[in-house]
Structures are given as C-alpha cells and as structure tokens.
>>> print(open('work_3.cif').read())   # mmCIF, C-alpha atoms
data_model
#
loop_
_atom_site.label_atom_id
_atom_site.label_comp_id
_atom_site.auth_asym_id
_atom_site.auth_seq_id
_atom_site.Cartn_x
_atom_site.Cartn_y
_atom_site.Cartn_z
CA MET S 1 -1.16 -27.36 99.43
CA PRO S 2 1.79 -28.55 97.36
CA TYR S 3 4.05 -25.94 95.81
CA LYS S 4 5.93 -26.12 92.53
CA ASN S 5 9.25 -24.51 91.70
CA GLU S 6 7.42 -21.82 89.67
CA ASP S 7 5.28 -20.78 92.66
CA TYR S 8 6.17 -17.50 94.30
CA LEU S 9 7.00 -17.77 97.98
CA PRO S 10 7.56 -14.45 99.77
CA SER S 11 10.85 -13.89 101.53
CA ASN S 12 11.08 -13.60 105.30
CA GLU S 13 11.66 -9.83 104.95
CA GLU S 14 8.39 -9.47 103.03
CA LEU S 15 6.50 -11.38 105.73
CA THR S 16 8.05 -9.58 108.69
CA VAL S 17 5.75 -6.76 109.74
CA PRO S 18 5.61 -5.00 113.11
CA GLU S 19 2.53 -6.06 115.03
CA LEU S 20 0.10 -3.99 117.04
CA GLU S 21 0.81 -5.46 120.45
CA ILE S 22 -2.25 -4.26 122.35
CA THR S 23 -4.57 -5.88 124.84
CA SER S 24 -8.18 -6.71 124.07
CA SER S 25 -9.45 -3.83 126.20
CA VAL S 26 -7.27 -1.35 124.27
CA PHE S 27 -8.47 -2.79 120.99
CA ARG S 28 -12.08 -2.76 122.12
CA THR S 29 -11.73 0.88 123.18
CA ALA S 30 -10.22 1.92 119.86
CA ALA S 31 -12.26 -0.39 117.62
CA HIS S 32 -15.06 1.92 116.43
CA HIS S 33 -12.87 4.90 115.62
CA LEU S 34 -10.02 2.73 114.33
CA GLY S 35 -12.40 0.89 112.03
CA LYS S 36 -13.71 4.14 110.58
CA TYR S 37 -10.24 5.70 110.32
CA CYS S 38 -8.82 2.69 108.44
CA ASP S 39 -12.02 1.86 106.55
CA ASN S 40 -10.73 2.36 102.98
CA VAL S 41 -7.41 0.64 103.63
CA SER S 42 -9.18 -2.33 105.19
CA LYS S 43 -11.64 -2.56 102.30
CA GLU S 44 -8.77 -2.52 99.82
CA PHE S 45 -7.17 -5.44 101.68
CA MET S 46 -10.41 -7.42 101.85
CA LEU S 47 -11.10 -6.74 98.16
CA CYS S 48 -7.65 -8.07 97.31
CA ARG S 49 -8.19 -11.19 99.43
CA ALA S 50 -11.61 -11.85 97.88
CA GLU S 51 -10.42 -11.39 94.31
CA GLU S 52 -6.99 -12.99 94.42
CA HIS S 53 -7.77 -16.05 96.56
CA ASP S 54 -4.08 -15.98 97.45
CA PRO S 55 -2.86 -14.14 100.56
CA ARG S 56 0.65 -13.82 99.10
CA ARG S 57 -0.65 -11.32 96.55
CA CYS S 58 -2.09 -9.07 99.25
CA LEU S 59 0.94 -8.60 101.51
CA ASN S 60 1.30 -4.91 100.70
CA GLU S 61 -2.39 -4.23 101.37
CA GLY S 62 -2.09 -6.08 104.70
CA LYS S 63 0.95 -4.01 105.64
CA ALA S 64 -1.03 -0.86 104.82
CA VAL S 65 -3.76 -1.92 107.27
CA THR S 66 -1.19 -2.44 110.02
CA ARG S 67 0.47 0.89 109.20
CA CYS S 68 -2.93 2.60 109.40
CA GLY S 69 -3.54 1.07 112.84
CA PHE S 70 -0.18 2.36 114.09
CA GLU S 71 -0.93 5.79 112.62
CA PHE S 72 -4.35 6.00 114.28
CA LEU S 73 -3.13 4.86 117.70
CA GLY S 74 -0.21 7.30 117.44
CA LYS S 75 -2.62 10.17 116.78
CA VAL S 76 -4.84 9.09 119.67
CA LYS S 77 -1.84 8.89 122.00
CA LYS S 78 -0.73 12.36 120.94
CA SER S 79 -4.15 14.01 121.08
CA CYS S 80 -6.53 12.10 123.38
CA TYR S 81 -4.34 9.96 125.62
CA ALA S 82 -6.04 10.79 128.92
CA GLU S 83 -9.58 10.36 127.55
CA PHE S 84 -8.62 7.11 125.84
CA ASN S 85 -7.04 5.72 129.01
CA GLN S 86 -10.02 6.67 131.14
CA TYR S 87 -12.42 4.94 128.71
CA MET S 88 -10.14 1.91 128.37
CA GLN S 89 -9.83 1.51 132.15
CA CYS S 90 -13.63 1.61 132.45
CA ILE S 91 -14.04 -1.06 129.76
CA ASP S 92 -11.26 -3.16 131.27
CA HIS S 93 -12.94 -3.10 134.69
CA SER S 94 -16.51 -3.65 133.45
CA GLY S 95 -16.25 -7.43 133.76
CA PRO S 96 -15.16 -10.27 131.50
CA SER S 97 -17.57 -9.24 128.72
CA MET S 98 -16.09 -5.70 128.58
CA GLU S 99 -19.48 -4.16 127.92
CA PHE S 100 -19.74 -0.61 126.61
CA LYS S 101 -23.00 0.11 128.43
CA ASN S 102 -21.20 0.60 131.74
CA CYS S 103 -18.87 3.26 130.29
CA ARG S 104 -21.10 5.72 128.41
CA LYS S 105 -19.79 8.81 130.26
CA THR S 106 -16.14 8.06 129.54
CA GLN S 107 -17.08 7.03 125.99
CA LYS S 108 -18.69 10.41 125.39
CA THR S 109 -15.59 12.21 126.65
CA TYR S 110 -13.36 10.08 124.39
CA ASP S 111 -15.69 10.51 121.38
CA ASN S 112 -15.74 14.28 121.85
CA CYS S 113 -11.95 14.38 121.99
CA ILE S 114 -11.67 12.34 118.77
CA LYS S 115 -14.20 14.65 117.12
CA ASP S 116 -12.44 17.83 118.25
CA LYS S 117 -8.81 16.78 117.75
CA LEU S 118 -8.99 14.26 114.86
CA ASP S 119 -12.16 15.60 113.21
CA GLN S 120 -13.85 12.19 113.16
CA GLU S 121 -17.31 11.34 114.42
CA ARG S 122 -18.01 8.01 116.08
CA PRO S 123 -19.63 5.76 113.46
CA GLU S 124 -23.36 5.37 113.95
CA LEU S 125 -24.86 2.04 114.92
CA GLY S 126 -24.85 -0.26 111.89
CA TYR S 127 -22.20 1.75 110.01
CA PHE S 128 -19.99 -1.28 109.36
CA ALA S 129 -22.95 -3.45 108.29
CA LYS S 130 -24.14 -1.02 105.61
CA VAL S 131 -23.46 -1.77 101.97
CA ARG S 132 -21.09 0.93 100.73
CA LEU S 133 -19.32 1.18 97.39
CA HIS S 134 -15.56 1.23 97.55
CA GLU S 135 -13.58 3.19 94.96
CA THR S 136 -10.32 1.46 94.11
CA SER S 137 -7.37 1.98 91.81
CA ARG S 138 -6.87 -1.77 91.47
CA PRO S 139 -7.50 -3.11 87.97
CA ARG S 140 -10.89 -4.75 87.57
CA HIS S 141 -10.76 -8.42 88.48
CA VAL S 142 -11.36 -10.78 85.58
CA PRO S 143 -12.12 -14.31 86.77
CA LYS S 144 -10.31 -17.13 85.04
CA PRO S 145 -12.58 -19.10 82.73
CA HIS S 146 -13.37 -22.64 83.75
CA ILE S 147 -11.81 -25.17 81.42
CA LEU S 148 -14.32 -27.80 80.38
CA PRO S 149 -13.26 -31.20 79.07
CA GLU S 150 -13.37 -31.63 75.29
CA ARG S 151 -15.87 -34.44 75.56
CA VAL S 152 -18.13 -35.32 78.42
CA PRO S 153 -18.07 -39.10 78.95
CA ASP S 154 -21.29 -41.03 78.46
CA PRO S 155 -23.08 -42.01 81.64
CA PRO S 156 -22.78 -45.68 82.59
CA ASP S 157 -25.53 -48.08 81.54
CA PHE S 158 -26.91 -49.43 84.81
CA ASN S 159 -29.19 -51.93 83.04
CA LYS S 160 -26.21 -53.93 81.84
CA GLU S 161 -24.75 -56.55 84.14
CA PRO S 162 -21.37 -55.40 85.39
CA SER S 163 -18.36 -57.51 84.57
CA THR S 164 -14.80 -57.72 85.70
CA LYS S 165 -11.75 -58.93 83.82
CA TYR S 166 -12.36 -62.40 85.37
CA GLY S 167 -15.96 -62.66 84.18
CA PRO S 168 -19.34 -61.34 85.27
CA ALA S 169 -19.54 -59.81 88.71
CA ILE S 170 -21.83 -61.64 91.10
CA PHE S 171 -23.58 -59.67 93.77
CA SER S 172 -25.15 -61.37 96.72
#
>>> encode(input="work_3.cif", output="structure tokens")
Amino acid sequence: MPYKNEDYLPSNEELTVPELEITSSVFRTAAHHLGKYCDNVSKEFMLCRAEEHDPRRCLNEGKAVTRCGFEFLGKVKKSCYAEFNQYMQCIDHSGPSMEFKNCRKTQKTYDNCIKDKLDQERPELGYFAKVRLHETSRPRHVPKPHILPERVPDPPDFNKEPSTKYGPAIFS
C-alpha cells in the first residue's frame, strides 16, 4: 500500500509494546479464563479494527488487550500459581494436541481456585460463540458514502464493427 506525506505513520515508541512471552501450553491453560477476564477489552479492540479498517487507529485498544493479559496472568500467579502449574503441566504432557480431556481433575482444581480467589467462573461451553451486545463509549461509526461518478458511460455497441485508428479491425 503506498503512503502519502499526509498519512499518519506511528512512531517506534507507539508501536513498541511488551509482549506476553508464554508457551502454547501456558496460553492454552489460561485461555478460557483469560478470554472471559479480558472479554470487554478484546471486543473494544475488535470493534475498532472492524470499523476503522486501519490498524494504526487501534493501537491504544491493542495495548489495552496486552495490558489486560499481563494483569490476568499476574493475578493468577499471585493467587493460583500452584493450581495453574499443575494444570499446565498436565496439558503440556498430554501429547502434541494438548487435549483438555486428559486433565479434567487438575482443571477442576484450577477452576475452583479462580472462582474462589478471582471470583470468576469458567465460561460455559459456547460462551465465546454466543452473540452478545457490547456497550462502548466509542462514537458511533458512520461509514463514508461511496462516491459515484457524475455520469455513467454508455455501454459499448457490440453490433458495430470495431475499428482501430488504422482502419477496421479484422478478426480471424
């Protein structure tokens, strides 16, 4: 995509955000509760991306999602570290597909800890697929109107023999 001088390009400082450097088994262990904990922040980011069609305009919302992830994992480390680690080790050792079905006992222990210490239930099956309204403070998106040409050109007459500047065109 070509840029013009008027286009806004974010500075390196705006783009530099600490990353959640976690393994897939840690992420898979935290995913359900993390998704529910950061649900509104994530929806705000996705709403921005869908409406703006320009990721540069959603940098702050993206940073908020990352910040929320750090906050959640920090709370889990402080409150349910042992239960989280036990569940994560089970998932990590359950094979390359990291299936949850092999770790239901450790999952229950971890879920109970999250419920007791962070006051959050594990989301029910299908929670993230449900249609849910999202309240936002963002101004309502008004799509730009499509600019139509002043005059629509006439369609070509295909019954007429085509010609070139050197005379009639001959097709073989």
>>> resolve_selection(input="work_3.cif", expression="the PyMOL selection byres ((chain S and resi 84) around 10)", output="ChimeraX atom specification")
/S:26,29-30,76-77,79-83,85-90,106-107,109-111,113-114
>>> residues_around(input="work_3.cif", residues="Arg140 in chain S", least_positions_apart="2", cutoff="12 Å", atoms="only C-alpha atoms", output="tab-separated table (two decimals) with C-alpha atoms, keeping the file's coordinate frame")
chain	number	residue	atom	x	y	z
S	47	LEU	CA	-11.10	-6.74	98.16
S	48	CYS	CA	-7.65	-8.07	97.31
S	51	GLU	CA	-10.42	-11.39	94.31
S	52	GLU	CA	-6.99	-12.99	94.42
S	135	GLU	CA	-13.58	3.19	94.96
S	136	THR	CA	-10.32	1.46	94.11
S	137	SER	CA	-7.37	1.98	91.81
S	138	ARG	CA	-6.87	-1.77	91.47
S	142	VAL	CA	-11.36	-10.78	85.58
S	143	PRO	CA	-12.12	-14.31	86.77
>>> atom_distance(input="work_3.cif", atom1="CA of Lys36 in chain S", atom2="CA of Pro123 in chain S")
6.8 Å
>>> closest_residue(input="work_3.cif", among="S:His53, S:Ala31, S:Glu13, S:Phe100", to="Arg122 in chain S", atoms="only C-alpha atoms")
S:Ala31
>>> closest_residue(input="work_3.cif", among="S:His146, S:Met98, S:Thr16, S:Phe27", to="Lys63 in chain S", atoms="all atoms listed in the file")
S:Thr16
>>> decode(input="work_3.cif", residues="range 54-79 of chain S", atoms="N, CA and C atoms", output="mmCIF file, in the first residue's frame")
data_model
loop_
_atom_site.group_PDB
_atom_site.id
_atom_site.type_symbol
_atom_site.label_atom_id
_atom_site.label_comp_id
_atom_site.auth_asym_id
_atom_site.auth_seq_id
_atom_site.Cartn_x
_atom_site.Cartn_y
_atom_site.Cartn_z
ATOM 1 N N ASP S 54 -8.214 0.175 9.691
ATOM 2 C CA ASP S 54 -6.860 0.704 9.711
ATOM 3 C C ASP S 54 -6.253 0.380 11.078
ATOM 4 N N PRO S 55 -5.341 -0.563 11.146
ATOM 5 C CA PRO S 55 -4.798 -0.963 12.445
ATOM 6 C C PRO S 55 -4.083 0.160 13.186
ATOM 7 N N ARG S 56 -3.623 1.187 12.482
ATOM 8 C CA ARG S 56 -2.928 2.287 13.145
ATOM 9 C C ARG S 56 -3.854 3.044 14.091
ATOM 10 N N ARG S 57 -5.142 3.036 13.812
ATOM 11 C CA ARG S 57 -6.095 3.772 14.641
ATOM 12 C C ARG S 57 -6.498 2.990 15.888
ATOM 13 N N CYS S 58 -6.057 1.752 15.992
ATOM 14 C CA CYS S 58 -6.461 0.899 17.111
ATOM 15 C C CYS S 58 -5.285 0.488 17.991
ATOM 16 N N LEU S 59 -4.199 1.234 17.941
ATOM 17 C CA LEU S 59 -3.016 0.874 18.726
ATOM 18 C C LEU S 59 -3.307 0.898 20.223
ATOM 19 N N ASN S 60 -4.025 1.907 20.685
ATOM 20 C CA ASN S 60 -4.304 2.003 22.118
ATOM 21 C C ASN S 60 -5.195 0.861 22.594
ATOM 22 N N GLU S 61 -6.171 0.478 21.782
ATOM 23 C CA GLU S 61 -7.043 -0.643 22.139
ATOM 24 C C GLU S 61 -6.250 -1.947 22.179
ATOM 25 N N GLY S 62 -5.309 -2.103 21.241
ATOM 26 C CA GLY S 62 -4.452 -3.293 21.230
ATOM 27 C C GLY S 62 -3.548 -3.342 22.454
ATOM 28 N N LYS S 63 -3.026 -2.191 22.858
ATOM 29 C CA LYS S 63 -2.197 -2.132 24.059
ATOM 30 C C LYS S 63 -3.021 -2.490 25.291
ATOM 31 N N ALA S 64 -4.280 -2.079 25.301
ATOM 32 C CA ALA S 64 -5.159 -2.397 26.438
ATOM 33 C C ALA S 64 -5.386 -3.908 26.548
ATOM 34 N N VAL S 65 -5.489 -4.594 25.414
ATOM 35 C CA VAL S 65 -5.653 -6.054 25.430
ATOM 36 C C VAL S 65 -4.401 -6.710 26.015
ATOM 37 N N THR S 66 -3.246 -6.267 25.597
ATOM 38 C CA THR S 66 -1.990 -6.815 26.124
ATOM 39 C C THR S 66 -1.875 -6.541 27.622
ATOM 40 N N ARG S 67 -2.208 -5.315 28.018
ATOM 41 C CA ARG S 67 -2.164 -4.942 29.438
ATOM 42 C C ARG S 67 -3.101 -5.831 30.260
ATOM 43 N N CYS S 68 -4.272 -6.113 29.718
ATOM 44 C CA CYS S 68 -5.243 -6.974 30.392
ATOM 45 C C CYS S 68 -4.682 -8.388 30.562
ATOM 46 N N GLY S 69 -4.007 -8.896 29.534
ATOM 47 C CA GLY S 69 -3.392 -10.217 29.622
ATOM 48 C C GLY S 69 -2.338 -10.275 30.714
ATOM 49 N N PHE S 70 -1.494 -9.238 30.792
ATOM 50 C CA PHE S 70 -0.486 -9.171 31.854
ATOM 51 C C PHE S 70 -1.155 -9.122 33.227
ATOM 52 N N GLU S 71 -2.213 -8.325 33.328
ATOM 53 C CA GLU S 71 -2.927 -8.180 34.602
ATOM 54 C C GLU S 71 -3.513 -9.519 35.046
ATOM 55 N N PHE S 72 -4.167 -10.223 34.119
ATOM 56 C CA PHE S 72 -4.771 -11.509 34.473
ATOM 57 C C PHE S 72 -3.715 -12.516 34.905
ATOM 58 N N LEU S 73 -2.661 -12.660 34.108
ATOM 59 C CA LEU S 73 -1.619 -13.635 34.450
ATOM 60 C C LEU S 73 -0.921 -13.281 35.759
ATOM 61 N N GLY S 74 -0.792 -11.978 36.034
ATOM 62 C CA GLY S 74 -0.224 -11.552 37.318
ATOM 63 C C GLY S 74 -1.108 -11.968 38.483
ATOM 64 N N LYS S 75 -2.413 -11.813 38.331
ATOM 65 C CA LYS S 75 -3.352 -12.222 39.385
ATOM 66 C C LYS S 75 -3.331 -13.737 39.568
ATOM 67 N N VAL S 76 -3.258 -14.466 38.467
ATOM 68 C CA VAL S 76 -3.205 -15.931 38.563
ATOM 69 C C VAL S 76 -1.921 -16.355 39.272
ATOM 70 N N LYS S 77 -0.820 -15.726 38.926
ATOM 71 C CA LYS S 77 0.468 -16.076 39.563
ATOM 72 C C LYS S 77 0.432 -15.791 41.057
ATOM 73 N N LYS S 78 -0.227 -14.708 41.428
ATOM 74 C CA LYS S 78 -0.300 -14.326 42.835
ATOM 75 C C LYS S 78 -1.267 -15.218 43.619
ATOM 76 N N SER S 79 -2.358 -15.634 42.988
ATOM 77 C CA SER S 79 -3.424 -16.317 43.715
ATOM 78 C C SER S 79 -3.485 -17.828 43.494
#
